[in-house]
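Participant: The file below is query.tsv, TSV, C-alpha atoms and all ligand atoms:
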```
chain	number	residue	atom	x	y	z
A	1	MET	CA	-20.53	-28.11	74.11
A	2	LYS	CA	-18.90	-30.59	76.55
A	3	CYS	CA	-20.30	-34.16	76.65
A	4	ASN	CA	-19.23	-37.15	78.72
A	5	ILE	CA	-19.94	-40.32	76.79
A	6	ALA	CA	-19.85	-43.80	78.34
A	7	LEU	CA	-18.53	-46.46	75.97
A	8	VAL	CA	-19.76	-50.02	76.44
A	9	LYS	CA	-17.84	-51.74	73.68
A	10	GLY	CA	-18.93	-55.27	74.61
A	11	ASP	CA	-17.86	-58.40	72.77
A	12	GLY	CA	-16.96	-59.66	69.30
A	13	ILE	CA	-16.78	-56.78	66.80
A	14	GLY	CA	-18.07	-54.35	69.51
A	15	PRO	CA	-14.67	-52.79	70.33
A	16	GLU	CA	-13.74	-52.36	66.63
A	17	ILE	CA	-16.95	-50.58	65.63
A	18	VAL	CA	-17.19	-48.42	68.76
A	19	ASP	CA	-13.59	-47.25	68.18
A	20	SER	CA	-14.64	-46.19	64.65
A	21	ALA	CA	-17.57	-44.17	66.02
A	22	VAL	CA	-15.26	-42.49	68.56
A	23	GLU	CA	-12.93	-41.40	65.71
A	24	VAL	CA	-15.91	-39.92	63.88
A	25	LEU	CA	-17.14	-38.10	67.02
A	26	ASN	CA	-13.65	-36.70	67.54
A	27	ALA	CA	-13.65	-35.41	63.96
A	28	ILE	CA	-17.04	-33.76	64.57
A	29	GLY	CA	-15.77	-32.27	67.84
A	30	LYS	CA	-12.78	-30.78	66.05
A	31	LYS	CA	-14.82	-29.34	63.18
A	32	TYR	CA	-17.66	-27.85	65.24
A	33	GLY	CA	-15.80	-26.99	68.46
A	34	HIS	CA	-17.25	-29.56	70.88
A	35	GLU	CA	-15.43	-31.51	73.55
A	36	PHE	CA	-16.41	-35.16	73.71
A	37	SER	CA	-14.79	-37.18	76.48
A	38	PHE	CA	-15.06	-40.97	76.67
A	39	THR	CA	-14.95	-43.50	79.52
A	40	SER	CA	-15.08	-47.24	78.81
A	41	TYR	CA	-17.03	-49.74	80.90
A	42	LEU	CA	-17.34	-53.51	80.62
A	43	ALA	CA	-20.67	-55.27	80.02
A	44	GLY	CA	-21.68	-58.62	78.54
A	45	GLY	CA	-19.25	-61.51	78.02
A	46	CYS	CA	-16.12	-59.45	78.75
A	47	SER	CA	-17.63	-58.46	82.12
A	48	ILE	CA	-18.43	-62.12	82.89
A	49	ASP	CA	-14.78	-62.96	82.17
A	50	ALA	CA	-13.50	-60.14	84.38
A	51	TYR	CA	-16.04	-60.10	87.23
A	52	GLY	CA	-18.24	-63.19	86.89
A	53	VAL	CA	-21.37	-61.11	86.10
A	54	PRO	CA	-22.60	-59.48	82.84
A	55	LEU	CA	-23.30	-56.09	84.44
A	56	THR	CA	-21.58	-54.53	87.45
A	57	GLN	CA	-22.69	-51.64	89.65
A	58	GLU	CA	-19.63	-49.71	88.41
A	59	THR	CA	-20.89	-49.93	84.81
A	60	ILE	CA	-24.45	-48.98	85.85
A	61	ASP	CA	-23.22	-45.96	87.83
A	62	GLY	CA	-20.79	-44.94	85.08
A	63	CYS	CA	-23.56	-45.01	82.46
A	64	LYS	CA	-26.04	-43.21	84.74
A	65	ASN	CA	-23.52	-40.44	85.43
A	66	SER	CA	-22.68	-39.93	81.76
A	67	ASP	CA	-24.48	-37.70	79.26
A	68	SER	CA	-25.14	-40.71	77.01
A	69	VAL	CA	-24.04	-44.27	76.34
A	70	LEU	CA	-22.65	-45.74	73.11
A	71	LEU	CA	-22.84	-49.53	73.01
A	72	GLY	CA	-21.27	-52.02	70.56
A	73	ALA	CA	-22.82	-55.44	71.02
A	74	VAL	CA	-22.66	-58.22	73.59
A	75	GLY	CA	-22.59	-62.00	73.48
A	76	GLY	CA	-20.89	-64.82	71.63
A	77	PRO	CA	-20.53	-68.60	71.56
A	78	LYS	CA	-18.07	-68.55	74.48
A	79	TRP	CA	-20.89	-67.65	76.89
A	80	ASP	CA	-23.78	-69.47	75.17
A	81	THR	CA	-23.90	-72.35	77.64
A	82	LEU	CA	-24.09	-70.21	80.79
A	83	PRO	CA	-27.37	-70.21	82.77
A	84	GLY	CA	-29.96	-67.53	81.77
A	85	ASN	CA	-29.30	-65.18	84.71
A	86	ILE	CA	-25.62	-64.66	83.85
A	87	ARG	CA	-25.86	-64.56	80.05
A	88	PRO	CA	-24.28	-61.51	78.34
A	89	GLU	CA	-27.70	-60.32	77.04
A	90	LYS	CA	-28.79	-59.74	80.67
A	91	ALA	CA	-26.50	-56.70	80.60
A	92	LEU	CA	-28.66	-55.01	77.95
A	93	LEU	CA	-31.95	-55.55	79.78
A	94	GLY	CA	-30.30	-54.45	83.04
A	95	LEU	CA	-28.93	-51.23	81.51
A	96	ARG	CA	-32.26	-50.36	79.87
A	97	ALA	CA	-34.10	-50.87	83.17
A	98	GLU	CA	-31.52	-48.99	85.28
A	99	LEU	CA	-31.51	-46.03	82.89
A	100	GLY	CA	-35.35	-46.00	82.70
A	101	LEU	CA	-35.32	-46.21	78.90
A	102	PHE	CA	-38.96	-46.53	77.85
A	103	THR	CA	-38.56	-45.52	74.19
A	104	ASN	CA	-36.84	-47.38	71.39
A	105	LEU	CA	-36.28	-45.42	68.19
A	106	ARG	CA	-35.35	-47.49	65.19
A	107	PRO	CA	-34.96	-45.77	61.83
A	108	ALA	CA	-35.12	-47.82	58.63
A	109	LYS	CA	-34.26	-46.21	55.33
A	110	ILE	CA	-33.18	-47.30	51.92
A	111	TYR	CA	-29.89	-45.90	50.63
A	112	ASP	CA	-29.94	-45.05	46.92
A	113	ALA	CA	-26.50	-46.59	46.54
A	114	LEU	CA	-27.67	-49.88	48.07
A	115	LYS	CA	-31.08	-50.30	46.45
A	116	GLU	CA	-30.00	-53.58	44.91
A	117	ALA	CA	-29.65	-55.09	48.42
A	118	CYS	CA	-33.34	-54.49	49.15
A	119	THR	CA	-35.50	-57.59	49.07
A	120	LEU	CA	-38.60	-55.78	47.77
A	121	ARG	CA	-39.78	-55.45	44.13
A	122	PRO	CA	-37.84	-52.80	42.14
A	123	ASP	CA	-40.97	-50.64	41.59
A	124	ILE	CA	-41.46	-50.45	45.38
A	125	VAL	CA	-37.74	-49.83	46.04
A	126	ASP	CA	-37.64	-47.04	43.44
A	127	LYS	CA	-40.08	-44.99	45.53
A	128	GLY	CA	-37.56	-45.19	48.43
A	129	PHE	CA	-38.44	-45.14	52.11
A	130	ASP	CA	-37.27	-43.42	55.26
A	131	LEU	CA	-39.23	-44.26	58.39
A	132	VAL	CA	-38.69	-44.49	62.12
A	133	ILE	CA	-40.38	-46.88	64.49
A	134	VAL	CA	-41.10	-45.46	67.95
A	135	ARG	CA	-41.56	-48.50	70.18
A	136	GLU	CA	-42.65	-48.51	73.83
A	137	LEU	CA	-39.91	-50.48	75.62
A	138	THR	CA	-40.76	-51.09	79.28
A	139	GLY	CA	-44.48	-51.95	79.39
A	140	GLY	CA	-47.05	-54.25	77.83
A	141	ILE	CA	-47.09	-58.00	77.63
A	142	TYR	CA	-43.31	-58.46	78.07
A	143	PHE	CA	-43.59	-57.02	81.58
A	144	GLY	CA	-47.14	-58.06	82.61
A	145	GLU	CA	-48.19	-60.78	85.02
A	146	ARG	CA	-47.39	-64.27	83.73
A	147	GLY	CA	-47.43	-67.81	84.95
A	148	ARG	CA	-48.58	-71.40	84.63
A	149	ARG	CA	-51.83	-72.77	86.04
A	150	ASP	CA	-54.44	-75.45	85.63
A	151	GLY	CA	-56.96	-74.29	83.05
A	152	LYS	CA	-60.11	-75.61	81.41
A	153	TYR	CA	-58.10	-78.01	79.22
A	154	GLY	CA	-55.41	-78.90	81.78
A	155	PRO	CA	-52.04	-77.17	82.31
A	156	GLU	CA	-51.78	-73.77	80.59
A	157	ALA	CA	-49.57	-70.68	80.51
A	158	TYR	CA	-50.58	-67.02	80.36
A	159	ASP	CA	-49.01	-63.58	79.77
A	160	THR	CA	-50.85	-60.34	80.42
A	161	GLU	CA	-50.84	-57.14	78.34
A	162	ALA	CA	-51.44	-54.04	80.47
A	163	TYR	CA	-50.82	-50.38	79.63
A	164	SER	CA	-51.44	-47.36	81.83
A	165	VAL	CA	-52.60	-44.04	80.41
A	166	MET	CA	-49.32	-42.52	81.63
A	167	GLU	CA	-47.22	-45.04	79.66
A	168	ILE	CA	-49.19	-44.42	76.47
A	169	GLU	CA	-49.13	-40.64	76.89
A	170	ARG	CA	-45.36	-40.45	77.31
A	171	ILE	CA	-44.53	-42.68	74.33
A	172	ALA	CA	-47.12	-40.85	72.17
A	173	ARG	CA	-45.43	-37.54	73.00
A	174	VAL	CA	-42.07	-38.96	71.88
A	175	ALA	CA	-43.66	-40.02	68.57
A	176	PHE	CA	-45.24	-36.62	67.94
A	177	GLU	CA	-42.05	-34.78	68.85
A	178	THR	CA	-40.03	-37.08	66.58
A	179	ALA	CA	-42.51	-36.42	63.75
A	180	GLN	CA	-42.15	-32.65	64.27
A	181	LYS	CA	-38.44	-33.03	63.39
A	182	ARG	CA	-39.32	-35.12	60.30
A	183	ARG	CA	-42.24	-35.20	57.82
A	184	LYS	CA	-44.92	-34.59	60.50
A	185	ASN	CA	-46.87	-37.80	60.11
A	186	VAL	CA	-47.60	-40.46	62.77
A	187	VAL	CA	-49.25	-43.81	62.12
A	188	SER	CA	-50.29	-45.38	65.44
A	189	ILE	CA	-50.42	-49.17	65.42
A	190	ASP	CA	-52.89	-51.18	67.51
A	191	LYS	CA	-55.33	-54.07	67.47
A	192	ALA	CA	-58.31	-52.00	68.65
A	193	ASN	CA	-60.82	-54.33	66.98
A	194	VAL	CA	-59.92	-57.00	69.58
A	195	LEU	CA	-57.83	-55.72	72.49
A	196	GLU	CA	-58.98	-53.41	75.29
A	197	THR	CA	-55.39	-52.14	75.80
A	198	SER	CA	-55.44	-51.11	72.13
A	199	ARG	CA	-58.71	-49.20	72.57
A	200	LEU	CA	-57.15	-47.27	75.48
A	201	TRP	CA	-54.01	-46.82	73.33
A	202	ARG	CA	-56.03	-45.34	70.43
A	203	GLU	CA	-58.13	-43.04	72.67
A	204	THR	CA	-55.03	-41.74	74.47
A	205	VAL	CA	-52.97	-41.21	71.30
A	206	HIS	CA	-55.78	-39.09	69.81
A	207	ARG	CA	-56.13	-37.00	72.97
A	208	ILE	CA	-52.36	-36.30	72.96
A	209	ALA	CA	-52.46	-35.63	69.19
A	210	ALA	CA	-54.55	-32.53	69.90
A	211	GLU	CA	-51.42	-30.98	71.51
A	212	TYR	CA	-49.56	-31.37	68.19
A	213	PRO	CA	-51.85	-29.83	65.55
A	214	ASP	CA	-48.97	-29.62	63.04
A	215	VAL	CA	-48.65	-33.45	63.00
A	216	GLU	CA	-51.04	-35.64	61.04
A	217	VAL	CA	-52.09	-38.82	62.87
A	218	SER	CA	-53.87	-41.99	61.73
A	219	ASP	CA	-54.46	-45.48	63.15
A	220	MET	CA	-53.61	-48.79	61.56
A	221	LEU	CA	-54.30	-52.32	62.76
A	222	VAL	CA	-51.08	-54.26	63.33
A	223	ASP	CA	-51.92	-57.01	60.82
A	224	ASN	CA	-52.48	-54.39	58.12
A	225	ALA	CA	-49.27	-52.57	59.14
A	226	ALA	CA	-47.25	-55.78	58.67
A	227	MET	CA	-48.60	-55.93	55.08
A	228	GLN	CA	-48.22	-52.22	54.30
A	229	LEU	CA	-44.56	-52.25	55.40
A	230	VAL	CA	-43.68	-54.58	52.54
A	231	ARG	CA	-46.31	-53.26	50.11
A	232	ASP	CA	-45.55	-49.55	50.32
A	233	PRO	CA	-43.05	-48.57	53.06
A	234	SER	CA	-42.76	-45.08	51.51
A	235	ARG	CA	-46.15	-44.19	53.06
A	236	PHE	CA	-44.67	-44.24	56.62
A	237	ASP	CA	-42.83	-41.47	58.44
A	238	VAL	CA	-43.17	-42.17	62.19
A	239	VAL	CA	-44.71	-45.48	63.29
A	240	LEU	CA	-45.87	-45.52	66.94
A	241	THR	CA	-46.22	-48.95	68.56
A	242	SER	CA	-46.53	-50.86	71.80
A	243	ASN	CA	-43.68	-53.08	72.99
A	244	MET	CA	-44.58	-56.40	71.33
A	245	PHE	CA	-45.97	-54.98	68.05
A	246	GLY	CA	-42.84	-52.79	67.79
A	247	ASP	CA	-40.53	-55.74	68.41
A	248	ILE	CA	-41.99	-57.55	65.41
A	249	LEU	CA	-42.52	-54.59	63.05
A	250	SER	CA	-39.07	-53.09	63.68
A	251	ASP	CA	-37.38	-56.34	62.65
A	252	GLU	CA	-39.55	-56.45	59.54
A	253	ALA	CA	-38.64	-52.84	58.73
A	254	SER	CA	-34.90	-53.47	59.15
A	255	GLN	CA	-35.04	-56.61	57.05
A	256	ILE	CA	-36.50	-54.78	54.04
A	257	THR	CA	-33.53	-52.39	53.94
A	258	GLY	CA	-31.38	-55.45	53.18
A	259	SER	CA	-28.34	-54.23	55.11
A	260	ILE	CA	-28.04	-55.08	58.81
A	261	GLY	CA	-24.62	-53.40	59.11
A	262	LEU	CA	-26.18	-49.98	58.41
A	263	LEU	CA	-28.99	-49.73	60.95
A	264	ALA	CA	-28.77	-47.74	64.17
A	265	SER	CA	-31.08	-47.54	67.15
A	266	SER	CA	-31.54	-45.53	70.31
A	267	SER	CA	-33.28	-46.13	73.60
A	268	LEU	CA	-34.38	-43.05	75.50
A	269	GLY	CA	-35.96	-42.24	78.87
A	270	SER	CA	-37.40	-39.05	80.28
A	271	GLY	CA	-34.02	-37.30	80.49
A	272	LYS	CA	-31.51	-36.59	77.77
A	273	CYS	CA	-29.29	-39.62	78.50
A	274	GLY	CA	-29.88	-42.37	75.95
A	275	LEU	CA	-28.40	-45.70	74.98
A	276	TYR	CA	-27.27	-45.79	71.34
A	277	GLU	CA	-26.35	-49.01	69.57
A	278	PRO	CA	-26.32	-50.74	66.18
A	279	ILE	CA	-29.18	-53.21	65.71
A	280	HIS	CA	-26.83	-56.06	64.77
A	281	GLY	CA	-25.10	-58.38	67.22
A	282	SER	CA	-21.45	-59.03	68.05
A	283	ALA	CA	-20.77	-60.95	64.80
A	284	PRO	CA	-18.33	-63.44	66.38
A	285	ASP	CA	-17.69	-65.00	62.95
A	286	ILE	CA	-15.78	-61.88	61.79
A	287	ALA	CA	-14.54	-60.48	65.14
A	288	GLY	CA	-10.89	-59.41	65.18
A	289	LYS	CA	-10.53	-59.53	61.39
A	290	GLY	CA	-10.87	-55.78	60.90
A	291	ILE	CA	-13.62	-56.20	58.28
A	292	ALA	CA	-16.80	-55.31	60.25
A	293	ASN	CA	-19.00	-52.59	58.84
A	294	PRO	CA	-18.80	-49.65	61.30
A	295	ILE	CA	-21.64	-47.64	59.69
A	296	ALA	CA	-24.49	-48.74	62.02
A	297	THR	CA	-22.43	-47.68	65.04
A	298	ILE	CA	-21.34	-44.42	63.40
A	299	LEU	CA	-25.02	-43.68	62.63
A	300	SER	CA	-25.86	-44.54	66.26
A	301	ALA	CA	-23.37	-41.85	67.29
A	302	SER	CA	-25.14	-39.48	64.89
A	303	MET	CA	-28.48	-40.30	66.59
A	304	MET	CA	-26.85	-39.51	69.94
A	305	LEU	CA	-25.87	-36.06	68.68
A	306	ARG	CA	-29.39	-35.47	67.33
A	307	TYR	CA	-31.56	-36.82	70.15
A	308	SER	CA	-29.47	-36.46	73.33
A	309	PHE	CA	-27.37	-33.38	72.56
A	310	ASN	CA	-29.65	-31.53	70.13
A	311	LEU	CA	-26.78	-31.18	67.64
A	312	SER	CA	-28.75	-31.64	64.38
A	313	LYS	CA	-26.24	-29.90	62.11
A	314	GLU	CA	-23.46	-32.17	63.36
A	315	ALA	CA	-25.68	-35.28	63.02
A	316	ASP	CA	-26.59	-34.26	59.45
A	317	SER	CA	-22.89	-33.91	58.73
A	318	ILE	CA	-22.29	-37.57	59.74
A	319	ASP	CA	-25.36	-38.83	57.85
A	320	ASN	CA	-24.32	-36.96	54.69
A	321	ALA	CA	-20.74	-38.24	54.94
A	322	VAL	CA	-22.07	-41.83	55.14
A	323	ASN	CA	-24.35	-41.23	52.13
A	324	GLU	CA	-21.53	-39.75	50.09
A	325	THR	CA	-19.15	-42.59	51.01
A	326	LEU	CA	-21.69	-45.20	49.88
A	327	ALA	CA	-22.48	-43.20	46.75
A	328	ALA	CA	-18.74	-43.23	45.93
A	329	GLY	CA	-18.96	-47.04	45.81
A	330	ILE	CA	-16.94	-47.65	48.98
A	331	ARG	CA	-18.10	-50.88	50.61
A	332	THR	CA	-17.16	-53.18	53.47
A	333	ALA	CA	-17.38	-56.91	52.65
A	334	ASP	CA	-20.97	-57.35	53.95
A	335	ILE	CA	-22.39	-54.86	51.42
A	336	ALA	CA	-19.93	-55.26	48.54
A	337	ARG	CA	-21.47	-56.40	45.24
A	338	GLY	CA	-18.41	-56.79	43.03
A	339	GLU	CA	-16.51	-53.82	44.52
A	340	THR	CA	-13.18	-54.53	46.28
A	341	PRO	CA	-14.12	-54.39	49.97
A	342	VAL	CA	-12.42	-51.96	52.35
A	343	SER	CA	-11.55	-52.66	55.99
A	344	THR	CA	-13.30	-51.22	59.07
A	345	SER	CA	-10.60	-48.58	59.50
A	346	GLU	CA	-10.53	-47.65	55.79
A	347	MET	CA	-14.33	-47.19	55.80
A	348	THR	CA	-14.00	-45.01	58.91
A	349	LYS	CA	-11.29	-42.88	57.25
A	350	GLU	CA	-13.41	-42.48	54.09
A	351	ILE	CA	-16.38	-41.24	56.17
A	352	ILE	CA	-14.21	-38.86	58.20
A	353	SER	CA	-12.70	-37.42	55.02
A	354	ARG	CA	-16.23	-36.37	53.96
A	355	ILE	CA	-17.17	-34.64	57.26
B	1	LIG	P1	-25.20	-60.87	64.36
B	1	LIG	O1	-25.99	-59.65	64.05
B	1	LIG	O2	-24.08	-60.71	65.30
B	1	LIG	O3	-24.62	-61.51	63.00
B	1	LIG	C1	-25.44	-61.95	61.94
B	1	LIG	C2	-24.61	-61.94	60.62
B	1	LIG	O4	-24.44	-60.59	60.22
B	1	LIG	C3	-23.21	-62.53	60.80
B	1	LIG	O5	-22.84	-63.21	59.62
B	1	LIG	C4	-22.33	-61.32	60.97
B	1	LIG	O6	-21.00	-61.51	60.53
B	1	LIG	C5	-23.06	-60.27	60.14
B	1	LIG	N1	-22.87	-58.93	60.69
B	1	LIG	C6	-23.48	-58.39	61.78
B	1	LIG	N2	-23.05	-57.16	61.99
B	1	LIG	C7	-22.14	-56.89	61.04
B	1	LIG	C8	-21.34	-55.75	60.72
B	1	LIG	N3	-21.36	-54.63	61.44
B	1	LIG	N4	-20.51	-55.84	59.66
B	1	LIG	C9	-20.47	-56.95	58.89
B	1	LIG	N5	-21.21	-58.04	59.13
B	1	LIG	C10	-22.04	-58.02	60.18
B	1	LIG	O7	-26.25	-61.94	64.90
B	1	LIG	P2	-26.00	-63.40	65.51
B	1	LIG	O8	-24.88	-64.07	64.78
B	1	LIG	O9	-27.33	-64.00	65.58
B	1	LIG	O10	-25.52	-63.13	67.01
B	1	LIG	C11	-24.16	-63.15	67.44
B	1	LIG	C12	-24.12	-62.77	68.92
B	1	LIG	O11	-24.59	-61.43	69.09
B	1	LIG	C13	-25.03	-63.65	69.80
B	1	LIG	O12	-24.35	-63.94	70.98
B	1	LIG	C14	-26.24	-62.77	70.05
B	1	LIG	O13	-26.87	-63.08	71.27
B	1	LIG	C15	-25.61	-61.40	70.10
B	1	LIG	N6	-26.53	-60.29	69.80
B	1	LIG	C16	-26.33	-59.15	70.51
B	1	LIG	C17	-27.11	-58.05	70.26
B	1	LIG	C18	-26.84	-56.79	71.04
B	1	LIG	O14	-25.83	-56.72	71.72
B	1	LIG	N7	-27.70	-55.79	70.95
B	1	LIG	C19	-28.10	-58.08	69.26
B	1	LIG	C20	-28.25	-59.26	68.50
B	1	LIG	C21	-27.44	-60.37	68.78
```
For the structure just supplied, provide its representation as structure tokens.
Facilitator:
Amino acid sequence: MKCNIALVKGDGIGPEIVDSAVEVLNAIGKKYGHEFSFTSYLAGGCSIDAYGVPLTQETIDGCKNSDSVLLGAVGGPKWDTLPGNIRPEKALLGLRAELGLFTNLRPAKIYDALKEACTLRPDIVDKGFDLVIVRELTGGIYFGERGRRDGKYGPEAYDTEAYSVMEIERIARVAFETAQKRRKNVVSIDKANVLETSRLWRETVHRIAAEYPDVEVSDMLVDNAAMQLVRDPSRFDVVLTSNMFGDILSDEASQITGSIGLLASSSLGSGKCGLYEPIHGSAPDIAGKGIANPIATILSASMMLRYSFNLSKEADSIDNAVNETLAAGIRTADIARGETPVSTSEMTKEIISRI
């Protein structure tokens, strides 16, 4: 298979960790006979420095014309005082909108070798967990009508949650199809006891569920879901949520794994082109030192193989190599507990040696 991948390395540790993922993809290409070609584009702070804006048309077109996009991270203190419309983070929102990415997939799992980093009680951690949050990314209250006005008690502000049947149907289908590749269970999150959008959400999810008889579906109120995630995360396989509920629950889910440098995410639209990135930021405090943990970005590359290119065997090969490397006690500084930490490039070499 031939794939053109756009690289948006970004700022801080972005270039270091994306370079590691490229090395891993090249190793996969060599082993399984695929040709991955890479083109780099600027976005975020480095684009502001070069062109005065966080996202250029050249980067948008380059990403749109690629088969998928691998992103490091953007931002840093250098650009923190710029006005909101030219902040590095604008590049992310702009890319998501331009690529029509309405789905955010965020897996959260506990690695046996890193159980001690988990903040939950040992009896809960021992059961393990491996879940993925499927979050709607371009609708709901973050995009609804908003404003300020004079209300009953004086000046007030409002934000509006609105969801169309079409938006719910398409994200529900992503959740069911994701579940079909996993343990075939979807928990749909809503607040149907209060919100009309949630009642439409629930109705629509159940109608779409009928098309996927092999997948079990249940509903859970968002307040209960926030509790269950820390009480017994092992009960979840695929968690389907609206934009705002997913924003909150996905951060909770990543926090309980205890290791930010290990978590990948992908944003997908209706086509095969997706945006794959680690969930952490540009870590300016360690940028340029060669000590960043590249695993989240390497696992983002694995998600790209699985979800955009349908290369599950190759993705499994990366995931297994990461597992084995961690099981062998090899750690970057952020996850070391007494072990001598390895550098970004040593960690990358260790993973490649197990592919
Ligand atoms: P951060 O995730 O960059 O860093 C938080 C802490 O985790 C730091 O101590 C950092 O050294 C550590 N860390 C993060 N990733 C690591 C890795 N791979 N290996 C080892 N240690 C790692 O969050 P922050 O400090 O709040 O933000 C820094 C900058 O990143 C800000 O400008 C922020 O806006 C931006 N940011 C960007 C994205 C993105 O591009 N998607 C996401 C979050 C934050």
Participant: List as a Markdown table every residue of chain A that is in contact with ligand LIG 1 (chain B), defined as an atom at most 9 Å from one of its atoms (using all atoms listed in the file), together with the nearest atom pair and the distance in Å rounded to one decimal, sorted by chain and then rising number.
Facilitator:
```
| residue | atom | partner | partner_atom | distance |
| --- | --- | --- | --- | --- |
| A:Gly10 | CA | B:LIG1 | O14 | 7.6 |
| A:Asp11 | CA | B:LIG1 | O14 | 8.2 |
| A:Gly12 | CA | B:LIG1 | C12 | 7.8 |
| A:Ile13 | CA | B:LIG1 | N3 | 7.4 |
| A:Gly14 | CA | B:LIG1 | O14 | 8.4 |
| A:Ile17 | CA | B:LIG1 | N3 | 7.3 |
| A:Gly44 | CA | B:LIG1 | O14 | 8.2 |
| A:Leu71 | CA | B:LIG1 | O14 | 7.9 |
| A:Gly72 | CA | B:LIG1 | O14 | 6.7 |
| A:Ala73 | CA | B:LIG1 | O14 | 3.3 |
| A:Val74 | CA | B:LIG1 | O14 | 4.0 |
| A:Gly75 | CA | B:LIG1 | O12 | 3.6 |
| A:Gly76 | CA | B:LIG1 | O12 | 3.6 |
| A:Pro77 | CA | B:LIG1 | O12 | 6.1 |
| A:Lys78 | CA | B:LIG1 | O12 | 8.5 |
| A:Trp79 | CA | B:LIG1 | O12 | 7.8 |
| A:Asp80 | CA | B:LIG1 | O12 | 7.0 |
| A:Arg87 | CA | B:LIG1 | O13 | 9.0 |
| A:Pro88 | CA | B:LIG1 | O13 | 7.7 |
| A:Glu89 | CA | B:LIG1 | O13 | 6.4 |
| A:Ala91 | CA | B:LIG1 | O14 | 8.9 |
| A:Leu92 | CA | B:LIG1 | O14 | 7.1 |
| A:Ser259 | CA | B:LIG1 | C10 | 8.9 |
| A:Ile260 | CA | B:LIG1 | N2 | 6.3 |
| A:Gly261 | CA | B:LIG1 | N3 | 4.2 |
| A:Leu262 | CA | B:LIG1 | N3 | 7.4 |
| A:Glu277 | CA | B:LIG1 | N7 | 7.0 |
| A:Pro278 | CA | B:LIG1 | N7 | 7.1 |
| A:Ile279 | CA | B:LIG1 | N7 | 6.0 |
| A:His280 | CA | B:LIG1 | O1 | 3.8 |
| A:Gly281 | CA | B:LIG1 | O2 | 3.2 |
| A:Ser282 | CA | B:LIG1 | O11 | 4.1 |
| A:Ala283 | CA | B:LIG1 | O2 | 3.4 |
| A:Pro284 | CA | B:LIG1 | C11 | 5.9 |
| A:Asp285 | CA | B:LIG1 | O6 | 5.4 |
| A:Ile286 | CA | B:LIG1 | O6 | 5.4 |
| A:Ala287 | CA | B:LIG1 | O6 | 8.0 |
| A:Ile291 | CA | B:LIG1 | C9 | 6.9 |
| A:Ala292 | CA | B:LIG1 | N4 | 3.8 |
| A:Asn293 | CA | B:LIG1 | N4 | 3.7 |
| A:Pro294 | CA | B:LIG1 | N3 | 5.6 |
| A:Ile295 | CA | B:LIG1 | N3 | 7.2 |
| A:Ala296 | CA | B:LIG1 | N3 | 6.7 |
| A:Thr297 | CA | B:LIG1 | N3 | 7.9 |
| A:Thr332 | CA | B:LIG1 | C9 | 7.4 |
| A:Ala333 | CA | B:LIG1 | C9 | 7.0 |
| A:Asp334 | CA | B:LIG1 | C9 | 5.0 |
| A:Ile335 | CA | B:LIG1 | C9 | 8.0 |
| A:Thr344 | CA | B:LIG1 | N4 | 8.6 |
```
Participant: Pick the closest to Val24 (chain A) from A:Ile330, A:Ile110, A:Phe36, A:Thr81: which is it, counting all atoms listed in the file?
Facilitator: A:Phe36
Participant: Considering only C-alpha atoms, can you say which of A:Thr138, A:Gln180, A:Ser188, A:Thr119 comes closest to Glu211 (chain A)?
Facilitator: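 That would be A:Gln180, the residue with the smallest distance to Glu211 (chain A).
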Participant: Fewer than 2 positions away in the same chain doesn't count, so skip those; otherwise give me all residues within 9 Å of region 194-205 of chain A, counting all atoms listed in the file, as a ChimeraX atom specification.
Facilitator: /A:140,161-165,168-169,172-173,188-192,207-210,217,219,242
Participant: Region 157-209 of chain A near region 143-146 of chain A within 6 Å: what's each residue's closest atom pair and its distance in Å to one decimal, counting only C-alpha atoms, ordered by chain then ascending residue number, as a Markdown table?
Facilitator:
```
| residue | atom | partner | partner_atom | distance |
| --- | --- | --- | --- | --- |
| A:Tyr158 | CA | A:Arg146 | CA | 5.4 |
| A:Asp159 | CA | A:Arg146 | CA | 4.3 |
| A:Thr160 | CA | A:Gly144 | CA | 4.9 |
| A:Glu161 | CA | A:Gly144 | CA | 5.7 |
```
Participant: How many Å lie between CA of Gly94 (chain A) and CA of Ile60 (chain A), rounded to one decimal?
Facilitator: 8.5 Å
Participant: Please write out, as JSON, where the centre of an axis-aligned box around all listed atoms of region 249-266 of chain A lies and how long its edges are, in Å to one decimal, after adding 4 Å on each side.
Facilitator:
```
{"center_x": -33.6, "center_y": -51.1, "center_z": 61.7, "size_x": 25.9, "size_y": 19.1, "size_z": 25.1}
```
Participant: Tell me, in Å to one decimal, how far CA of Pro54 (chain A) is from CA of Tyr276 (chain A).
Facilitator: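 Taking CA of Pro54 (chain A) as the start and CA of Tyr276 (chain A) as the end point, the length is 18.5 Å.
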Participant: Which of these, A:Asn193, A:Thr241, A:Gln255, A:Ser308, has the shortest distance to Ile5 (chain A) once you count all atoms listed in the file?
Facilitator: A:Ser308
